[in-house]
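A.B. asks: To be precise about what I am sending: the file is called data.txt and holds compact mmCIF, C-alpha atoms.
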# COMPACT_ATOMS: atom_id res chain seq x y z
CA MET A 111 -14.12 -74.09 -33.86
CA ALA A 112 -11.00 -75.42 -32.17
CA ALA A 113 -11.16 -73.30 -29.03
CA ASP A 114 -13.72 -73.88 -26.28
CA PRO A 115 -16.65 -71.50 -27.04
CA LYS A 116 -17.30 -70.79 -23.36
CA ALA A 117 -13.66 -69.90 -22.71
CA VAL A 118 -13.52 -67.64 -25.77
CA ALA A 119 -16.80 -66.00 -24.74
CA LYS A 120 -15.60 -65.32 -21.20
CA GLN A 121 -12.36 -63.82 -22.48
CA PHE A 122 -14.22 -61.66 -24.99
CA VAL A 123 -16.84 -60.47 -22.48
CA ASP A 124 -14.21 -59.59 -19.87
CA TYR A 125 -12.28 -57.61 -22.48
CA TYR A 126 -15.33 -55.88 -23.99
CA TYR A 127 -16.74 -54.60 -20.71
CA GLN A 128 -13.33 -53.60 -19.33
CA ILE A 129 -12.83 -51.41 -22.43
CA PHE A 130 -16.44 -50.16 -22.33
CA ASP A 131 -16.11 -49.14 -18.68
CA THR A 132 -12.74 -47.38 -19.04
CA ASN A 133 -12.38 -46.13 -22.63
CA ARG A 134 -15.45 -46.58 -24.85
CA ALA A 135 -13.58 -45.26 -27.89
CA GLY A 136 -11.37 -48.35 -27.66
CA LEU A 137 -14.32 -50.52 -28.73
CA ARG A 138 -13.95 -49.22 -32.31
CA GLN A 139 -11.46 -51.98 -33.13
CA LEU A 140 -14.13 -54.63 -32.45
CA TYR A 141 -16.65 -53.37 -35.04
CA ARG A 142 -16.55 -53.27 -38.86
CA GLU A 143 -18.59 -51.56 -41.58
CA HIS A 144 -20.80 -54.67 -41.78
CA SER A 145 -21.43 -54.65 -38.01
CA MET A 146 -25.00 -54.14 -36.82
CA MET A 147 -26.31 -53.05 -33.44
CA SER A 148 -29.78 -52.89 -31.95
CA PHE A 149 -29.63 -50.68 -28.88
CA GLU A 150 -32.90 -50.45 -26.99
CA GLY A 151 -34.82 -50.81 -30.27
CA THR A 152 -32.66 -48.42 -32.31
CA ASP A 153 -30.97 -50.16 -35.24
CA LEU A 154 -27.50 -49.04 -36.31
CA GLN A 155 -25.10 -50.29 -38.96
CA GLY A 156 -21.40 -49.63 -39.46
CA VAL A 157 -18.59 -48.84 -37.10
CA ASN A 158 -19.12 -45.06 -37.20
CA ALA A 159 -22.84 -45.20 -36.37
CA ILE A 160 -22.26 -47.72 -33.59
CA MET A 161 -19.39 -45.78 -32.06
CA ASN A 162 -21.33 -42.53 -32.27
CA LYS A 163 -24.11 -44.17 -30.23
CA LEU A 164 -21.75 -45.70 -27.65
CA GLU A 165 -19.63 -42.58 -27.23
CA ASN A 166 -22.68 -40.34 -26.77
CA LEU A 167 -24.57 -42.33 -24.16
CA PRO A 168 -25.85 -39.99 -21.42
CA PHE A 169 -23.44 -40.98 -18.65
CA SER A 170 -19.76 -40.41 -17.98
CA GLN A 171 -19.12 -43.39 -15.71
CA ILE A 172 -20.32 -46.97 -16.01
CA GLN A 173 -19.59 -50.27 -14.35
CA HIS A 174 -20.79 -53.60 -15.79
CA ARG A 175 -21.34 -56.58 -13.51
CA VAL A 176 -21.65 -59.74 -15.57
CA LEU A 177 -24.02 -62.31 -14.04
CA SER A 178 -24.01 -64.97 -16.78
CA VAL A 179 -22.34 -65.75 -20.09
CA ASP A 180 -23.65 -68.41 -22.47
CA ALA A 181 -21.99 -69.28 -25.76
CA GLN A 182 -22.43 -71.59 -28.71
CA PRO A 183 -20.71 -71.96 -32.07
CA SER A 184 -23.06 -70.35 -34.59
CA ASN A 185 -21.60 -71.70 -37.83
CA PRO A 186 -19.53 -74.88 -37.73
CA THR A 187 -17.57 -74.06 -40.89
CA ALA A 188 -17.01 -70.34 -40.29
CA GLY A 189 -16.02 -70.53 -36.62
CA SER A 190 -18.42 -67.76 -35.59
CA LEU A 191 -19.70 -67.56 -32.04
CA LEU A 192 -23.01 -66.54 -30.44
CA ILE A 193 -22.73 -65.05 -26.93
CA ILE A 194 -25.53 -64.01 -24.58
CA VAL A 195 -24.69 -61.95 -21.49
CA THR A 196 -26.90 -60.97 -18.57
CA GLY A 197 -25.79 -58.53 -15.96
CA GLN A 198 -26.17 -55.33 -14.02
CA LEU A 199 -24.81 -51.89 -14.75
CA LEU A 200 -24.25 -48.87 -12.58
CA THR A 201 -23.95 -45.41 -14.11
CA ASN A 202 -22.56 -42.17 -12.67
CA GLY A 203 -22.15 -43.57 -9.16
CA GLU A 204 -25.75 -44.78 -8.82
CA SER A 205 -26.34 -47.38 -6.12
CA GLN A 206 -29.31 -49.14 -7.78
CA PRO A 207 -28.17 -51.28 -10.70
CA LEU A 208 -30.02 -51.62 -13.99
CA PHE A 209 -30.33 -55.15 -15.36
CA TYR A 210 -29.42 -55.82 -18.97
CA CYS A 211 -29.09 -58.52 -21.60
CA GLN A 212 -26.63 -58.28 -24.48
CA THR A 213 -26.12 -60.67 -27.38
CA PHE A 214 -23.04 -60.77 -29.61
CA GLN A 215 -22.39 -62.61 -32.86
CA LEU A 216 -18.60 -62.80 -33.30
CA ILE A 217 -16.80 -63.48 -36.57
CA PRO A 218 -13.24 -64.86 -36.53
CA GLU A 219 -10.47 -62.82 -38.13
CA ASN A 220 -6.69 -63.24 -37.81
CA ASN A 221 -6.73 -65.23 -34.54
CA SER A 222 -9.24 -62.81 -33.04
CA PHE A 223 -12.92 -61.87 -33.45
CA TRP A 224 -14.96 -58.87 -34.51
CA ILE A 225 -18.58 -58.09 -33.67
CA TYR A 226 -21.04 -58.68 -36.50
CA ASN A 227 -24.23 -58.41 -34.41
CA ASP A 228 -24.71 -56.65 -31.07
CA VAL A 229 -28.16 -56.51 -29.45
CA PHE A 230 -28.55 -54.63 -26.15
CA ARG A 231 -31.65 -54.32 -23.95
CA LEU A 232 -32.26 -53.11 -20.44
CA ASN A 233 -34.52 -55.47 -18.48
CA TYR A 234 -37.29 -53.68 -16.64
CA GLY A 235 -39.33 -55.52 -14.09
Please render this file's structure as structure tokens.

C.D. replies:
Amino acid sequence: MAADPKAVAKQFVDYYYQIFDTNRAGLRQLYREHSMMSFEGTDLQGVNAIMNKLENLPFSQIQHRVLSVDAQPSNPTAGSLLIIVTGQLLTNGESQPLFYCQTFQLIPENNSFWIYNDVFRLNYG
């Protein structure tokens, strides 16, 4: 991978959560029919199933606060990227944040990336 994985990861994460927080439907362009998501233990495959889940989450407002982003190339010949994000999220004007961890496996395509794997978990403690 020619680009710095950490720089690509930061750019992707900033973009993903900005779209998630303002227009979840806009995330559709990042998923494909081969995409897979595990959301709090529920497994989904394909752009339609994933978008149905994201667009029907039980809140109308959300704000992500990213606390850390780690990234590594995941296949030296394919240029794919593994990203792990930790952070906080606030929904519907709540003042107490929920902590979360999200992992992405990105696949390069036409000078951009799409999400092959997406694993999301809230962290309870």

A.B. asks: With a distance cut-off of 12 Å and all atoms listed in the file, select the neighbouring residues of Ser205 in chain A, excluding the residue or stretch itself and same-chain residues fewer than 5 positions from it, and output the selection as a list of chain:residue names.

C.D. replies: A:Ile172, A:Gln173, A:Gln198, A:Leu199, A:Leu200

A.B. asks: Calculated over only C-alpha atoms, which of the candidates A:Asn233, A:Ser148, A:Thr201, A:Ser178 has the smallest distance to Ala119 in chain A?

C.D. replies: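 Among the listed residues, the smallest separation from Ala119 in chain A belongs to A:Ser178.
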
A.B. asks: With all atoms listed in the file as the basis for distance, which of A:Leu167, A:Ile225, A:Leu232, A:Ala181 is at the shortest distance from Gln155 in chain A?

C.D. replies: A:Ile225

A.B. asks: Have a look at CA of Glu143 in chain A and CA of Tyr127 in chain A and let me know their distance in Å, one decimal.

C.D. replies: 21.2 Å

A.B. asks: Which polymer residues have any atom within 8 Å of an atom of Val195 in chain A, counting all atoms listed in the file, with same-chain residues fewer than 5 positions away left out, as a PyMOL selection string?

C.D. replies: chain A and resi 176-180+211-213

A.B. asks: CA of Gly156 in chain A and CA of Arg138 in chain A are how many Å apart?

C.D. replies: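 Distance reported for this atom pair: 10.3 Å.
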
A.B. asks: Can you tell me how far CA of Pro186 in chain A sits from CA of Pro115 in chain A, in Å to one decimal?

C.D. replies: 11.6 Å

A.B. asks: Between A:Glu150, A:Arg175, A:Ser184, A:Phe209, which one has atoms that come closest to Lys163 in chain A, using only C-alpha atoms?

C.D. replies: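 For Lys163 in chain A, the nearest of the candidates is A:Glu150.
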
A.B. asks: Here is a test: counting only C-alpha atoms, which residue of A:Gln121, A:Thr152, A:Ser222, A:Asn185 is nearest to Gln139 in chain A?

C.D. replies: A:Ser222

A.B. asks: Using only C-alpha atoms, which of the listed residues (A:Pro183, A:Asn202, A:Arg142, A:Met147) sits closest to Pro168 in chain A?

C.D. replies: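 Checking each of A:Pro183, A:Asn202, A:Arg142, A:Met147 against Pro168 in chain A, counting only C-alpha atoms, the winner is A:Asn202.
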
A.B. asks: For His144 in chain A, find every residue with an atom within 12 Å (counting all atoms listed in the file), except residues of its own chain fewer than 4 positions away, and show them as a short mmCIF file (atom, residue, chain, number, x, y, z; two decimals) with C-alpha atoms, keeping the file's coordinate frame.

C.D. replies:
data_model
loop_
_atom_site.label_atom_id
_atom_site.label_comp_id
_atom_site.auth_asym_id
_atom_site.auth_seq_id
_atom_site.Cartn_x
_atom_site.Cartn_y
_atom_site.Cartn_z
CA LEU A 140 -14.13 -54.63 -32.45
CA LEU A 154 -27.50 -49.04 -36.31
CA GLN A 155 -25.10 -50.29 -38.96
CA GLY A 156 -21.40 -49.63 -39.46
CA VAL A 157 -18.59 -48.84 -37.10
CA ASN A 158 -19.12 -45.06 -37.20
CA ALA A 159 -22.84 -45.20 -36.37
CA ILE A 160 -22.26 -47.72 -33.59
CA LEU A 216 -18.60 -62.80 -33.30
CA ILE A 217 -16.80 -63.48 -36.57
CA TRP A 224 -14.96 -58.87 -34.51
CA ILE A 225 -18.58 -58.09 -33.67
CA TYR A 226 -21.04 -58.68 -36.50
CA ASN A 227 -24.23 -58.41 -34.41
CA ASP A 228 -24.71 -56.65 -31.07
#

A.B. asks: Identify which of the residues A:Val229, A:Leu137, A:Ala188, A:Met146 lies closest to Tyr125 in chain A, counting all atoms listed in the file when measuring atom-to-atom distances.

C.D. replies: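 Closest residue, counting all atoms listed in the file: A:Leu137.
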
A.B. asks: Residues near Gln128 in chain A, anyone? I mean within 9 Å using only C-alpha atoms, not counting same-chain ones fewer than 5 positions away, as an NGL selection string.

C.D. replies: :A and (123 or 133 or 173-174)
